[in-house]
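Take a look at the structure set out below.
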Amino acid sequence: MMEFRHVVSIGETMGLIRAGQAGRLAPGSALVAGMGGAESNFAIALARLDRPAAWISRVGDDDFGRLIMRELRAESVSAVVAEPSKDAPTGLMVKTTPLPGRQSVTYYRQGSAASRMTPADVPDDLISQAGALHITGITLAISESARDTAFHAARVARAAGVPVSFDVNHRGRLWTEDDARPVYREFAALADIVFAGPEEARLVLGSKESDIECLLHGLAELGSGLPVIKDGANGAHALVDGTSIFQPAVPVAAVDTVGAGDGFAAGFIDARLDGLDAARCLELGAQVGAFACLSHGDWEGYPTRADLAAFTTGSDAVSR
């Protein structure tokens, strides 16, 4: 079993405005404020599992920046940020439900504080003493300086023998597939664990292959020791020593699937750091991801250890 050390993630967290009802925004529409971002979602999910988690980023000197810092402190995530920026805002996303069951998200993140991250924002000691480092493709996409920051952190981790986890998490609104592919491939070569959806795996490999096992082998050939393909309700797959392992999805009545992939990655990494085998890592990832689907919001539904214990034993739900 590995030493119970902290996990570090690096990336942008944005303020969130969510419409409280279906339909187009109109004067007098009820709106709910919050926050969300893949890397902080991941950190919160780990903290809920009692795994020490640190998040590195930048925020603006504004209400959303302060909201983000408060929420992360409340969730026991150690937030490592530069002095809040007075000349760059916290990024913002607006979620609406124009029609029942159909969600629309608009992002306002160009020139955001987080996009101005640099390698100097990374405490190398925090990385080199970690149990794992987690980066997503969003951090690679939001700006060149954020991309440099991610690569710097990954190289520090590699030099210190710290496992690097990479979730492709492609965002087509941020860059084209042709621009993203070589960067993803370069970063995947630095990663010990690579998470991707089937379409993301095809993007990274420049392939039209539909067979999951072939995609897993393709990711492994890039250098990843443990490639994982997350396929939503179809389950998840991992490749271990040339053999693929499958984990069915946990069936739930999904309310909101946003954050499920980040929760899956957190559950997987937590189990991995506990020394569990890949099959158990997939199982815990699926459970955490399923909990994320039971609540509105990016991270609010992540389970505690007690929640997971109640789920596996069939006892009553545990209140937080």
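Letters for chains follow the order of the structure tokens (A, B, ...), residue numbers begin at 1 for each chain, and ligand numbers begin at 1 in the order shown.
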Exercise for review: Please identify all polymer residues within 9 Å of A:Leu133, counting only C-alpha atoms, omitting same-chain residues fewer than 6 positions from it, and present them as a PyMOL selection string.
Suggested key: chain A and resi 7-10+127+153-154+157+162-166
Check your understanding: Could you write out, as number ranges by chain, all the residues of stretch 40-222 of chain A that DSSP marks as helix (DSSP H, G or I)?
Key -> A: 40-48, 63-74, 114-116, 119-121, 124-128, 137-142, 144-160, 177-188, 198-205, 212-221
Review point. So which residues touch stretch 257-271 of chain A within 6 Å, counting only C-alpha atoms, skipping near sequence neighbours fewer than 6 positions away, as a VMD selection string?
Key: chain A and resid 42 45 to 46 281 to 282 284 to 286 288 to 289 292 to 293 298 to 299
Quick one: everything within 6 Å of stretch 16-33 of chain A, counting only C-alpha atoms, minus sequence neighbours fewer than 6 positions away in the same chain. Send it as a short mmCIF file (atom, residue, chain, number, x, y, z; two decimals) with N, CA, C and O atoms, in the first residue's frame.
data_model
loop_
_atom_site.label_atom_id
_atom_site.label_comp_id
_atom_site.auth_asym_id
_atom_site.auth_seq_id
_atom_site.Cartn_x
_atom_site.Cartn_y
_atom_site.Cartn_z
N LEU A 92 -16.37 32.48 -16.10
CA LEU A 92 -17.78 32.32 -15.77
C LEU A 92 -18.45 31.39 -16.78
O LEU A 92 -18.17 31.44 -17.97
N MET A 93 -19.33 30.52 -16.28
CA MET A 93 -20.18 29.72 -17.17
C MET A 93 -21.63 29.91 -16.77
O MET A 93 -21.96 30.06 -15.59
N VAL A 94 -22.48 29.94 -17.77
CA VAL A 94 -23.91 30.14 -17.57
C VAL A 94 -24.63 28.91 -18.13
O VAL A 94 -24.48 28.58 -19.31
N LYS A 95 -25.39 28.24 -17.26
CA LYS A 95 -26.12 27.04 -17.67
C LYS A 95 -27.61 27.33 -17.70
O LYS A 95 -28.18 27.83 -16.72
N THR A 96 -28.22 27.00 -18.81
CA THR A 96 -29.67 27.15 -18.94
C THR A 96 -30.26 25.84 -19.46
O THR A 96 -29.54 24.97 -19.96
N THR A 97 -31.56 25.71 -19.32
CA THR A 97 -32.28 24.54 -19.83
C THR A 97 -33.35 25.05 -20.79
O THR A 97 -34.50 25.28 -20.39
N PRO A 98 -32.96 25.31 -22.05
CA PRO A 98 -33.92 25.91 -22.99
C PRO A 98 -35.16 25.05 -23.18
O PRO A 98 -36.25 25.57 -23.39
N LEU A 99 -34.98 23.71 -23.13
CA LEU A 99 -36.09 22.77 -23.21
C LEU A 99 -35.88 21.71 -22.13
O LEU A 99 -34.73 21.41 -21.78
N PRO A 100 -36.93 21.14 -21.57
CA PRO A 100 -36.75 20.12 -20.55
C PRO A 100 -35.82 19.00 -21.02
O PRO A 100 -35.97 18.46 -22.11
#
Practice item. May I have all residues of stretch 132-190 of chain A that DSSP, computed from the backbone, assigns to strand (DSSP E), given as a ChimeraX atom specification? Key: /A:132-136,164-167
Can I get the selection written as a PDB file, in the first residue's frame, with N, CA and C atoms?
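Here's the written file part.pdb:
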ATOM      1  N   ALA A 132       0.042  11.756  -6.190  1.00  0.00           N
ATOM      2  CA  ALA A 132      -0.264  11.763  -7.624  1.00  0.00           C
ATOM      3  C   ALA A 132      -0.528  13.201  -8.067  1.00  0.00           C
ATOM      4  N   LEU A 133      -0.341  13.441  -9.357  1.00  0.00           N
ATOM      5  CA  LEU A 133      -0.669  14.715  -9.994  1.00  0.00           C
ATOM      6  C   LEU A 133      -1.725  14.441 -11.046  1.00  0.00           C
ATOM      7  N   HIS A 134      -2.770  15.283 -11.082  1.00  0.00           N
ATOM      8  CA  HIS A 134      -3.865  15.097 -12.037  1.00  0.00           C
ATOM      9  C   HIS A 134      -4.032  16.346 -12.890  1.00  0.00           C
ATOM     10  N   ILE A 135      -4.016  16.167 -14.209  1.00  0.00           N
ATOM     11  CA  ILE A 135      -4.175  17.255 -15.171  1.00  0.00           C
ATOM     12  C   ILE A 135      -5.224  16.836 -16.196  1.00  0.00           C
ATOM     13  N   THR A 136      -6.012  17.798 -16.675  1.00  0.00           N
ATOM     14  CA  THR A 136      -6.942  17.477 -17.757  1.00  0.00           C
ATOM     15  C   THR A 136      -6.587  18.280 -19.010  1.00  0.00           C
ATOM     16  N   VAL A 164       1.551  10.432 -12.692  1.00  0.00           N
ATOM     17  CA  VAL A 164       0.819  11.496 -13.378  1.00  0.00           C
ATOM     18  C   VAL A 164      -0.451  10.907 -13.982  1.00  0.00           C
ATOM     19  N   SER A 165      -1.580  11.528 -13.665  1.00  0.00           N
ATOM     20  CA  SER A 165      -2.877  11.127 -14.197  1.00  0.00           C
ATOM     21  C   SER A 165      -3.344  12.184 -15.189  1.00  0.00           C
ATOM     22  N   PHE A 166      -3.771  11.749 -16.363  1.00  0.00           N
ATOM     23  CA  PHE A 166      -4.198  12.672 -17.424  1.00  0.00           C
ATOM     24  C   PHE A 166      -5.580  12.282 -17.921  1.00  0.00           C
ATOM     25  N   ASP A 167      -6.536  13.189 -17.767  1.00  0.00           N
ATOM     26  CA  ASP A 167      -7.880  13.005 -18.305  1.00  0.00           C
ATOM     27  C   ASP A 167      -8.004  13.895 -19.537  1.00  0.00           C
TER      28      ASP A 167
END
**Study point:** Nearest residue to A:Arg158 from the set A:Leu190, A:Leu215, A:Arg171, A:Gly137 (distances using only C-alpha atoms)
**Key:**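 Among the listed residues, the smallest separation from A:Arg158 belongs to A:Leu190.
Across the structure, atom CA of A:Val168 and atom CA of A:Arg102 are spaced 24.2 Å apart.
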